[in-house]
>>> print(open('entry_32.txt').read())   # compact mmCIF, N, CA and C atoms
# COMPACT_ATOMS: atom_id res chain seq x y z
N MET F 1182 40.22 -227.16 22.09
CA MET F 1182 39.09 -227.51 21.27
C MET F 1182 37.99 -226.46 21.46
N CYS F 1183 37.36 -226.04 20.37
CA CYS F 1183 36.29 -225.04 20.43
C CYS F 1183 34.97 -225.71 20.12
N LYS F 1184 33.94 -225.28 20.83
CA LYS F 1184 32.61 -225.79 20.56
C LYS F 1184 31.68 -224.59 20.38
N ARG F 1185 31.02 -224.52 19.24
CA ARG F 1185 30.06 -223.46 19.01
C ARG F 1185 28.73 -223.85 19.62
N MET F 1186 28.11 -222.94 20.33
CA MET F 1186 26.83 -223.20 20.95
C MET F 1186 25.68 -222.87 19.98
N LEU F 1187 26.01 -222.26 18.88
CA LEU F 1187 25.02 -221.90 17.88
C LEU F 1187 25.48 -222.50 16.55
N ASN F 1188 24.62 -223.20 15.90
CA ASN F 1188 24.98 -223.86 14.66
C ASN F 1188 24.57 -223.02 13.46
N TRP F 1189 25.49 -222.86 12.53
CA TRP F 1189 25.24 -222.19 11.25
C TRP F 1189 25.39 -223.24 10.18
N ASP F 1190 24.35 -223.45 9.41
CA ASP F 1190 24.40 -224.43 8.34
C ASP F 1190 23.91 -223.76 7.07
N TYR F 1191 24.72 -223.84 6.02
CA TYR F 1191 24.32 -223.27 4.73
C TYR F 1191 24.28 -224.37 3.70
N ASP F 1192 23.17 -224.47 3.01
CA ASP F 1192 22.99 -225.44 1.93
C ASP F 1192 23.07 -224.69 0.60
N PRO F 1193 24.23 -224.76 -0.09
CA PRO F 1193 24.37 -223.99 -1.33
C PRO F 1193 23.46 -224.48 -2.46
N LYS F 1194 23.09 -225.74 -2.46
CA LYS F 1194 22.21 -226.24 -3.53
C LYS F 1194 20.82 -225.62 -3.44
N ARG F 1195 20.32 -225.47 -2.22
CA ARG F 1195 18.99 -224.87 -2.03
C ARG F 1195 19.07 -223.40 -1.63
N ASP F 1196 20.28 -222.88 -1.39
CA ASP F 1196 20.52 -221.48 -0.99
C ASP F 1196 19.73 -221.13 0.28
N ILE F 1197 19.93 -221.97 1.32
CA ILE F 1197 19.23 -221.78 2.59
C ILE F 1197 20.23 -221.74 3.74
N ILE F 1198 20.10 -220.73 4.60
CA ILE F 1198 20.86 -220.67 5.85
C ILE F 1198 19.94 -221.16 6.96
N PHE F 1199 20.46 -222.02 7.83
CA PHE F 1199 19.71 -222.47 9.00
C PHE F 1199 20.60 -222.24 10.22
N ILE F 1200 20.15 -221.39 11.13
CA ILE F 1200 20.90 -221.03 12.33
C ILE F 1200 20.05 -221.45 13.52
N PHE F 1201 20.63 -222.24 14.43
CA PHE F 1201 19.85 -222.64 15.60
C PHE F 1201 20.73 -222.80 16.82
N ASN F 1202 20.09 -222.67 17.97
CA ASN F 1202 20.76 -222.73 19.27
C ASN F 1202 20.75 -224.18 19.76
N PHE F 1203 21.94 -224.77 19.93
CA PHE F 1203 22.04 -226.15 20.38
C PHE F 1203 21.37 -226.37 21.73
N ASP F 1204 21.64 -225.49 22.69
CA ASP F 1204 21.20 -225.68 24.07
C ASP F 1204 19.70 -225.53 24.26
N GLU F 1205 19.08 -224.62 23.54
CA GLU F 1205 17.69 -224.28 23.81
C GLU F 1205 16.73 -224.77 22.73
N TYR F 1206 17.24 -225.45 21.72
CA TYR F 1206 16.36 -225.86 20.63
C TYR F 1206 15.45 -226.99 21.06
N ASP F 1207 14.20 -226.65 21.25
CA ASP F 1207 13.15 -227.59 21.59
C ASP F 1207 11.94 -227.10 20.81
N TYR F 1208 11.86 -227.50 19.54
CA TYR F 1208 10.88 -226.96 18.62
C TYR F 1208 9.44 -227.17 19.08
N GLN F 1209 8.67 -226.08 19.02
CA GLN F 1209 7.23 -226.19 19.27
C GLN F 1209 6.44 -225.70 18.06
N GLU F 1210 6.82 -224.55 17.51
CA GLU F 1210 6.10 -224.02 16.36
C GLU F 1210 6.97 -223.05 15.58
N SER F 1211 6.52 -222.70 14.38
CA SER F 1211 7.27 -221.79 13.52
C SER F 1211 6.40 -220.59 13.16
N ILE F 1212 7.09 -219.48 12.94
CA ILE F 1212 6.47 -218.28 12.39
C ILE F 1212 7.06 -218.11 11.00
N GLU F 1213 6.21 -218.10 9.98
CA GLU F 1213 6.69 -217.98 8.61
C GLU F 1213 6.55 -216.54 8.14
N LEU F 1214 7.64 -216.04 7.57
CA LEU F 1214 7.68 -214.70 7.01
C LEU F 1214 7.88 -214.83 5.51
N ASN F 1215 8.15 -213.73 4.83
CA ASN F 1215 8.32 -213.75 3.37
C ASN F 1215 9.33 -214.80 2.92
N ASN F 1216 10.57 -214.68 3.30
CA ASN F 1216 11.60 -215.64 2.89
C ASN F 1216 12.35 -216.20 4.11
N MET F 1217 11.69 -216.19 5.26
CA MET F 1217 12.31 -216.67 6.49
C MET F 1217 11.30 -217.47 7.32
N THR F 1218 11.85 -218.31 8.19
CA THR F 1218 11.06 -219.02 9.19
C THR F 1218 11.76 -218.88 10.53
N VAL F 1219 11.02 -218.51 11.57
CA VAL F 1219 11.54 -218.42 12.93
C VAL F 1219 10.93 -219.57 13.72
N ASP F 1220 11.77 -220.39 14.36
CA ASP F 1220 11.29 -221.48 15.20
C ASP F 1220 11.26 -221.03 16.65
N LEU F 1221 10.16 -221.38 17.33
CA LEU F 1221 9.98 -221.03 18.74
C LEU F 1221 10.02 -222.30 19.58
N ASN F 1222 10.56 -222.17 20.79
CA ASN F 1222 10.53 -223.30 21.73
C ASN F 1222 9.26 -223.17 22.59
N PRO F 1223 8.99 -224.11 23.50
CA PRO F 1223 7.77 -224.03 24.32
C PRO F 1223 7.65 -222.76 25.16
N LYS F 1224 8.76 -222.10 25.47
CA LYS F 1224 8.71 -220.84 26.23
C LYS F 1224 8.50 -219.64 25.31
N ARG F 1225 8.26 -219.92 24.03
CA ARG F 1225 8.02 -218.90 22.99
C ARG F 1225 9.25 -218.05 22.73
N LYS F 1226 10.42 -218.64 22.94
CA LYS F 1226 11.67 -217.97 22.63
C LYS F 1226 12.13 -218.41 21.24
N ALA F 1227 12.58 -217.46 20.43
CA ALA F 1227 13.10 -217.79 19.11
C ALA F 1227 14.42 -218.52 19.28
N VAL F 1228 14.49 -219.72 18.74
CA VAL F 1228 15.70 -220.55 18.88
C VAL F 1228 16.31 -220.91 17.55
N ALA F 1229 15.67 -220.52 16.44
CA ALA F 1229 16.23 -220.83 15.13
C ALA F 1229 15.69 -219.85 14.10
N LEU F 1230 16.51 -219.63 13.07
CA LEU F 1230 16.13 -218.79 11.94
C LEU F 1230 16.57 -219.49 10.67
N GLU F 1231 15.66 -219.59 9.73
CA GLU F 1231 15.97 -220.16 8.42
C GLU F 1231 15.73 -219.07 7.39
N ILE F 1232 16.71 -218.86 6.52
CA ILE F 1232 16.60 -217.82 5.49
C ILE F 1232 16.67 -218.50 4.13
N PHE F 1233 15.61 -218.37 3.34
CA PHE F 1233 15.52 -218.97 2.02
C PHE F 1233 16.02 -217.99 0.97
N GLY F 1234 16.69 -218.49 -0.06
CA GLY F 1234 17.24 -217.60 -1.08
C GLY F 1234 18.28 -216.67 -0.48
N SER F 1235 19.10 -217.20 0.42
CA SER F 1235 20.03 -216.40 1.23
C SER F 1235 21.01 -215.56 0.42
N ALA F 1236 21.68 -216.19 -0.52
CA ALA F 1236 22.69 -215.46 -1.31
C ALA F 1236 22.03 -214.34 -2.11
N ARG F 1237 20.90 -214.63 -2.69
CA ARG F 1237 20.18 -213.58 -3.44
C ARG F 1237 19.71 -212.48 -2.50
N TYR F 1238 19.14 -212.87 -1.36
CA TYR F 1238 18.60 -211.90 -0.42
C TYR F 1238 19.69 -210.99 0.15
N LEU F 1239 20.85 -211.57 0.47
CA LEU F 1239 21.95 -210.79 1.04
C LEU F 1239 22.89 -210.22 -0.03
N GLU F 1240 22.59 -210.53 -1.30
CA GLU F 1240 23.38 -210.05 -2.44
C GLU F 1240 24.86 -210.36 -2.26
N ILE F 1241 25.15 -211.66 -2.13
CA ILE F 1241 26.52 -212.13 -1.92
C ILE F 1241 26.70 -213.46 -2.63
N ASP F 1242 27.95 -213.80 -2.93
CA ASP F 1242 28.19 -215.08 -3.56
C ASP F 1242 27.98 -216.20 -2.53
N PRO F 1243 27.44 -217.34 -2.95
CA PRO F 1243 27.11 -218.42 -2.01
C PRO F 1243 28.30 -218.92 -1.20
N GLU F 1244 29.50 -218.92 -1.75
CA GLU F 1244 30.67 -219.41 -1.02
C GLU F 1244 30.92 -218.60 0.25
N SER F 1245 30.54 -217.34 0.26
CA SER F 1245 30.74 -216.48 1.44
C SER F 1245 29.84 -216.86 2.61
N LEU F 1246 28.81 -217.65 2.34
CA LEU F 1246 27.86 -218.02 3.38
C LEU F 1246 28.20 -219.34 4.05
N ILE F 1247 29.21 -220.02 3.57
CA ILE F 1247 29.55 -221.33 4.11
C ILE F 1247 30.08 -221.24 5.54
N ASP F 1248 30.96 -220.31 5.81
CA ASP F 1248 31.55 -220.18 7.15
C ASP F 1248 31.70 -218.70 7.49
N PRO F 1249 30.67 -218.09 8.11
CA PRO F 1249 30.72 -216.65 8.39
C PRO F 1249 31.77 -216.33 9.45
N GLU F 1250 32.31 -215.15 9.36
CA GLU F 1250 33.26 -214.66 10.36
C GLU F 1250 32.55 -214.42 11.69
N ASP F 1251 31.41 -213.73 11.63
CA ASP F 1251 30.64 -213.40 12.82
C ASP F 1251 29.25 -212.98 12.38
N PHE F 1252 28.28 -213.08 13.28
CA PHE F 1252 26.93 -212.60 12.99
C PHE F 1252 26.20 -212.33 14.30
N LEU F 1253 25.20 -211.49 14.21
CA LEU F 1253 24.34 -211.16 15.35
C LEU F 1253 22.91 -211.05 14.82
N ILE F 1254 22.00 -211.79 15.43
CA ILE F 1254 20.61 -211.77 15.01
C ILE F 1254 19.74 -211.46 16.22
N GLU F 1255 18.91 -210.43 16.09
CA GLU F 1255 17.95 -210.08 17.14
C GLU F 1255 16.55 -210.28 16.59
N ILE F 1256 15.75 -211.02 17.33
CA ILE F 1256 14.37 -211.29 16.93
C ILE F 1256 13.48 -210.80 18.07
N TYR F 1257 12.55 -209.92 17.74
CA TYR F 1257 11.72 -209.30 18.76
C TYR F 1257 10.27 -209.25 18.27
N GLY F 1258 9.35 -209.65 19.10
CA GLY F 1258 7.95 -209.58 18.74
C GLY F 1258 7.13 -208.85 19.79
N GLN F 1259 6.17 -208.06 19.33
CA GLN F 1259 5.27 -207.36 20.24
C GLN F 1259 4.10 -206.81 19.45
N ASN F 1260 2.91 -206.90 20.06
CA ASN F 1260 1.69 -206.32 19.48
C ASN F 1260 1.45 -206.75 18.03
N GLY F 1261 1.65 -208.04 17.76
CA GLY F 1261 1.37 -208.56 16.42
C GLY F 1261 2.40 -208.23 15.37
N ILE F 1262 3.56 -207.75 15.77
CA ILE F 1262 4.65 -207.42 14.84
C ILE F 1262 5.89 -208.19 15.25
N ILE F 1263 6.59 -208.78 14.28
CA ILE F 1263 7.88 -209.40 14.56
C ILE F 1263 8.95 -208.63 13.79
N ASN F 1264 10.04 -208.34 14.49
CA ASN F 1264 11.19 -207.65 13.91
C ASN F 1264 12.38 -208.58 13.92
N ILE F 1265 13.08 -208.66 12.80
CA ILE F 1265 14.33 -209.41 12.72
C ILE F 1265 15.39 -208.45 12.22
N ASN F 1266 16.40 -208.24 13.05
CA ASN F 1266 17.54 -207.41 12.68
C ASN F 1266 18.79 -208.28 12.76
N ALA F 1267 19.54 -208.32 11.70
CA ALA F 1267 20.72 -209.18 11.68
C ALA F 1267 21.87 -208.46 10.99
N SER F 1268 23.06 -208.74 11.47
CA SER F 1268 24.27 -208.26 10.80
C SER F 1268 25.19 -209.46 10.63
N PHE F 1269 25.79 -209.54 9.47
CA PHE F 1269 26.67 -210.64 9.11
C PHE F 1269 28.02 -210.10 8.66
N ASN F 1270 29.10 -210.64 9.17
CA ASN F 1270 30.44 -210.37 8.66
C ASN F 1270 30.87 -211.64 7.93
N LEU F 1271 31.08 -211.51 6.63
CA LEU F 1271 31.32 -212.66 5.78
C LEU F 1271 32.64 -212.53 5.04
N ASN F 1272 33.29 -213.66 4.82
CA ASN F 1272 34.53 -213.70 4.05
C ASN F 1272 34.19 -213.84 2.57
N SER F 1273 34.80 -213.00 1.75
CA SER F 1273 34.59 -213.09 0.31
C SER F 1273 35.93 -212.95 -0.39
N GLU F 1274 35.91 -213.07 -1.70
CA GLU F 1274 37.13 -212.89 -2.47
C GLU F 1274 37.69 -211.47 -2.30
N LYS F 1275 36.83 -210.52 -1.99
CA LYS F 1275 37.24 -209.13 -1.80
C LYS F 1275 37.65 -208.84 -0.36
N GLY F 1276 37.64 -209.86 0.50
CA GLY F 1276 37.97 -209.68 1.91
C GLY F 1276 36.72 -209.76 2.75
N LEU F 1277 36.79 -209.24 3.96
CA LEU F 1277 35.66 -209.26 4.89
C LEU F 1277 34.62 -208.23 4.46
N ILE F 1278 33.37 -208.65 4.34
CA ILE F 1278 32.30 -207.72 3.99
C ILE F 1278 31.15 -207.89 4.98
N SER F 1279 30.37 -206.86 5.12
CA SER F 1279 29.24 -206.87 6.05
C SER F 1279 27.93 -206.79 5.29
N ARG F 1280 26.93 -207.45 5.82
CA ARG F 1280 25.58 -207.38 5.27
C ARG F 1280 24.61 -207.17 6.43
N ILE F 1281 23.58 -206.39 6.18
CA ILE F 1281 22.54 -206.10 7.18
C ILE F 1281 21.21 -206.63 6.64
N LEU F 1282 20.44 -207.21 7.53
CA LEU F 1282 19.11 -207.73 7.18
C LEU F 1282 18.13 -207.14 8.18
N LYS F 1283 17.07 -206.52 7.69
CA LYS F 1283 16.02 -205.98 8.56
C LYS F 1283 14.68 -206.40 7.98
N GLU F 1284 13.87 -207.00 8.82
CA GLU F 1284 12.56 -207.48 8.39
C GLU F 1284 11.55 -207.15 9.49
N GLU F 1285 10.41 -206.61 9.10
CA GLU F 1285 9.32 -206.35 10.04
C GLU F 1285 8.03 -206.79 9.38
N THR F 1286 7.30 -207.66 10.06
CA THR F 1286 6.10 -208.23 9.48
C THR F 1286 5.04 -208.44 10.55
N GLY F 1287 3.80 -208.27 10.18
CA GLY F 1287 2.69 -208.58 11.09
C GLY F 1287 2.52 -210.09 11.20
N ILE F 1288 2.20 -210.55 12.40
CA ILE F 1288 2.01 -211.99 12.63
C ILE F 1288 0.73 -212.21 13.43
N GLU F 1289 0.19 -213.40 13.31
CA GLU F 1289 -1.02 -213.74 14.05
C GLU F 1289 -0.72 -214.30 15.43
N GLN F 1290 0.42 -215.02 15.55
CA GLN F 1290 0.77 -215.64 16.83
C GLN F 1290 1.19 -214.58 17.84
N GLU F 1291 0.86 -214.82 19.10
CA GLU F 1291 1.32 -213.93 20.17
C GLU F 1291 2.77 -214.27 20.47
N PHE F 1292 3.61 -213.30 20.41
CA PHE F 1292 5.04 -213.51 20.58
C PHE F 1292 5.61 -212.24 21.20
N ILE F 1293 5.87 -212.27 22.51
CA ILE F 1293 6.39 -211.10 23.20
C ILE F 1293 7.70 -211.52 23.84
N ASN F 1294 8.72 -211.51 23.07
CA ASN F 1294 10.00 -212.01 23.53
C ASN F 1294 11.10 -211.38 22.70
N LYS F 1295 12.26 -211.26 23.27
CA LYS F 1295 13.42 -210.82 22.50
C LYS F 1295 14.46 -211.92 22.59
N SER F 1296 14.93 -212.36 21.44
CA SER F 1296 15.94 -213.40 21.38
C SER F 1296 17.13 -212.89 20.61
N ILE F 1297 18.29 -213.27 21.07
CA ILE F 1297 19.52 -212.92 20.37
C ILE F 1297 20.23 -214.21 20.00
N LEU F 1298 20.53 -214.36 18.72
CA LEU F 1298 21.28 -215.50 18.23
C LEU F 1298 22.66 -214.99 17.82
N ARG F 1299 23.65 -215.42 18.53
CA ARG F 1299 25.03 -215.02 18.24
C ARG F 1299 25.93 -216.19 18.59
N PRO F 1300 26.93 -216.46 17.77
CA PRO F 1300 27.79 -217.60 18.09
C PRO F 1300 28.57 -217.35 19.37
N LYS F 1301 28.51 -218.32 20.27
CA LYS F 1301 29.30 -218.28 21.49
C LYS F 1301 30.29 -219.41 21.38
N ILE F 1302 31.53 -219.14 21.59
CA ILE F 1302 32.54 -220.18 21.46
C ILE F 1302 33.07 -220.53 22.84
N LEU F 1303 32.99 -221.81 23.17
CA LEU F 1303 33.54 -222.30 24.43
C LEU F 1303 34.87 -222.96 24.15
N ARG F 1304 35.85 -222.65 24.92
CA ARG F 1304 37.17 -223.25 24.77
C ARG F 1304 37.32 -224.36 25.80
N LYS F 1305 37.84 -225.49 25.38
CA LYS F 1305 38.06 -226.62 26.30
C LYS F 1305 39.51 -226.98 26.29
>>> encode(input="entry_32.txt", output="structure tokens")
Amino acid sequence: MCKRMLNWDYDPKRDIIFIFNFDEYDYQESIELNNMTVDLNPKRKAVALEIFGSARYLEIDPESLIDPEDFLIEIYGQNGIININASFNLNSEKGLISRILKEETGIEQEFINKSILRPKILRK
């Protein structure tokens, strides 16, 4: 039996991806960006990422976002700037394809942390 420690949820009706860490998710506040929201826990660690208009933003068909092959998301904040770098390997009708997401935005909240969201699979 496999258990993912990171949850990937895609809502095709609203075209929203929600990725969050099961173990560390203890919501305290959110940082809102253009088409994304980053959730922070009380230790100011990024524990979730929500991407609005996901299929349009990543220029992919919505079906490819239902069950990704693999992904890596790095969220880093310092000196009033938040950086989100993500890579996605997605299954499509054309086979496995990759998409890159890079976002850098000024923020008001103090956030000096680096978080990595990547699926970890535990085998039982």
>>> select_by_dssp(input="entry_32.txt", residues="segment 1182-1290 of chain F", states="alpha helix (DSSP H)", output="PyMOL selection string")
chain F and resi 1235-1239
>>> closest_residue(input="entry_32.txt", among="F:Ile1198, F:Ile1212, F:Ile1262, F:Leu1246", to="Ser1279 of chain F", atoms="only C-alpha atoms")
F:Leu1246
>>> atom_distance(input="entry_32.txt", atom1="atom N of Val1219 of chain F", atom2="atom C of Ile1247 of chain F")
20.2 Å
>>> closest_residue(input="entry_32.txt", among="F:Asn1270, F:Ile1297, F:Glu1284, F:Glu1244", to="Ala1229 of chain F", atoms="only C-alpha atoms")
F:Ile1297
>>> closest_residue(input="entry_32.txt", among="F:Ile1278, F:Leu1214, F:Leu1230, F:Ile1197", to="Pro1249 of chain F", atoms="only C-alpha atoms")
F:Ile1278
>>> atom_distance(input="entry_32.txt", atom1="atom CA of Lys1194 of chain F", atom2="atom CA of Asn1215 of chain F")
19.9 Å
>>> atom_distance(input="entry_32.txt", atom1="atom N of Ile1263 of chain F", atom2="atom N of Ser1211 of chain F")
13.9 Å
>>> select_by_dssp(input="entry_32.txt", residues="chain F", states="strand (DSSP E or B)", output="ChimeraX atom specification")
/F:1183-1185,1187-1192,1197-1202,1210-1213,1217-1221,1227-1233,1251-1259,1262-1273,1276-1287,1294-1298,1302-1304
>>> residues_around(input="entry_32.txt", residues="segment 1266-1268 of chain F", least_positions_apart="3", cutoff="5 Å", atoms="only N, CA and C atoms", output="PyMOL selection string")
chain F and resi 1252-1255+1280-1283
>>> residues_near_point(input="entry_32.txt", point="(15.4, -217.3, 4.7)", cutoff="6.5 Å", atoms="only N, CA and C atoms", output="list in words")
Ile1197, Ile1198, Asn1216, Met1217, Thr1218, Leu1230, Glu1231, Ile1232, Phe1233, Gly1234 and Ser1235 of chain F
>>> closest_residue(input="entry_32.txt", among="F:Lys1295, F:Leu1239, F:Ser1273, F:Glu1285", to="Arg1225 of chain F", atoms="all atoms listed in the file")
F:Lys1295
>>> closest_residue(input="entry_32.txt", among="F:Asn1202, F:Pro1193, F:Glu1289, F:Leu1271", to="Asp1251 of chain F", atoms="only C-alpha atoms")
F:Leu1271
>>> residues_around(input="entry_32.txt", residues="Trp1189 of chain F", least_positions_apart="2", cutoff="6.5 Å", atoms="all atoms listed in the file", output="list of chain:residue names")
F:Leu1187, F:Tyr1191, F:Phe1199, F:Ile1200, F:Phe1201
>>> residues_around(input="entry_32.txt", residues="Lys1224 of chain F", least_positions_apart="2", cutoff="8 Å", atoms="all atoms listed in the file", output="list in words")
Asp1207, Gln1209, Leu1221, Asn1222, Lys1226, Ala1227 and Asn1294 of chain F
>>> closest_residue(input="entry_32.txt", among="F:Asp1196, F:Glu1274, F:Tyr1257, F:Asp1220", to="Ser1296 of chain F", atoms="all atoms listed in the file")
F:Tyr1257
>>> decode(input="entry_32.txt", residues="segment 1233-1283 of chain F", atoms="C-alpha atoms", output="tab-separated table (two decimals), in the first residue's frame")
chain	number	residue	atom	x	y	z
F	1233	PHE	CA	-6.07	29.31	-10.12
F	1234	GLY	CA	-6.70	28.95	-13.86
F	1235	SER	CA	-4.19	26.08	-13.80
F	1236	ALA	CA	-4.78	24.57	-17.24
F	1237	ARG	CA	-4.70	27.98	-18.89
F	1238	TYR	CA	-1.65	29.08	-16.89
F	1239	LEU	CA	0.32	25.89	-17.66
F	1240	GLU	CA	-1.07	25.72	-21.23
F	1241	ILE	CA	-2.22	22.12	-20.93
F	1242	ASP	CA	-5.47	20.21	-21.24
F	1243	PRO	CA	-7.29	19.87	-17.89
F	1244	GLU	CA	-7.27	16.05	-17.97
F	1245	SER	CA	-3.46	16.11	-17.69
F	1246	LEU	CA	-3.72	17.83	-14.30
F	1247	ILE	CA	-5.83	15.16	-12.63
F	1248	ASP	CA	-2.98	12.80	-11.71
F	1249	PRO	CA	0.53	14.20	-12.32
F	1250	GLU	CA	3.46	11.86	-12.86
F	1251	ASP	CA	5.77	13.96	-10.66
F	1252	PHE	CA	6.28	17.55	-9.54
F	1253	LEU	CA	8.67	19.70	-7.54
F	1254	ILE	CA	7.74	23.06	-6.05
F	1255	GLU	CA	10.20	25.39	-4.32
F	1256	ILE	CA	8.87	28.42	-2.47
F	1257	TYR	CA	11.39	30.92	-1.13
F	1258	GLY	CA	10.91	34.33	0.44
F	1259	GLN	CA	13.42	36.99	1.42
F	1260	ASN	CA	13.57	40.79	1.66
F	1261	GLY	CA	9.94	41.30	0.65
F	1262	ILE	CA	10.12	39.02	-2.40
F	1263	ILE	CA	8.57	35.58	-2.80
F	1264	ASN	CA	9.79	33.18	-5.48
F	1265	ILE	CA	7.88	30.12	-6.64
F	1266	ASN	CA	9.66	27.72	-8.95
F	1267	ALA	CA	7.85	24.58	-9.99
F	1268	SER	CA	8.29	21.79	-12.49
F	1269	PHE	CA	5.53	19.39	-13.42
F	1270	ASN	CA	5.72	16.10	-15.34
F	1271	LEU	CA	2.22	15.45	-16.64
F	1272	ASN	CA	0.57	12.68	-18.63
F	1273	SER	CA	-1.16	13.80	-21.80
F	1274	GLU	CA	-2.49	12.27	-24.99
F	1275	LYS	CA	0.93	13.02	-26.51
F	1276	GLY	CA	2.74	11.18	-23.69
F	1277	LEU	CA	4.69	12.62	-20.78
F	1278	ILE	CA	5.19	16.38	-21.00
F	1279	SER	CA	6.89	18.88	-18.72
F	1280	ARG	CA	5.80	22.33	-17.64
F	1281	ILE	CA	7.76	24.96	-15.72
F	1282	LEU	CA	6.24	27.68	-13.55
F	1283	LYS	CA	8.26	30.64	-12.25
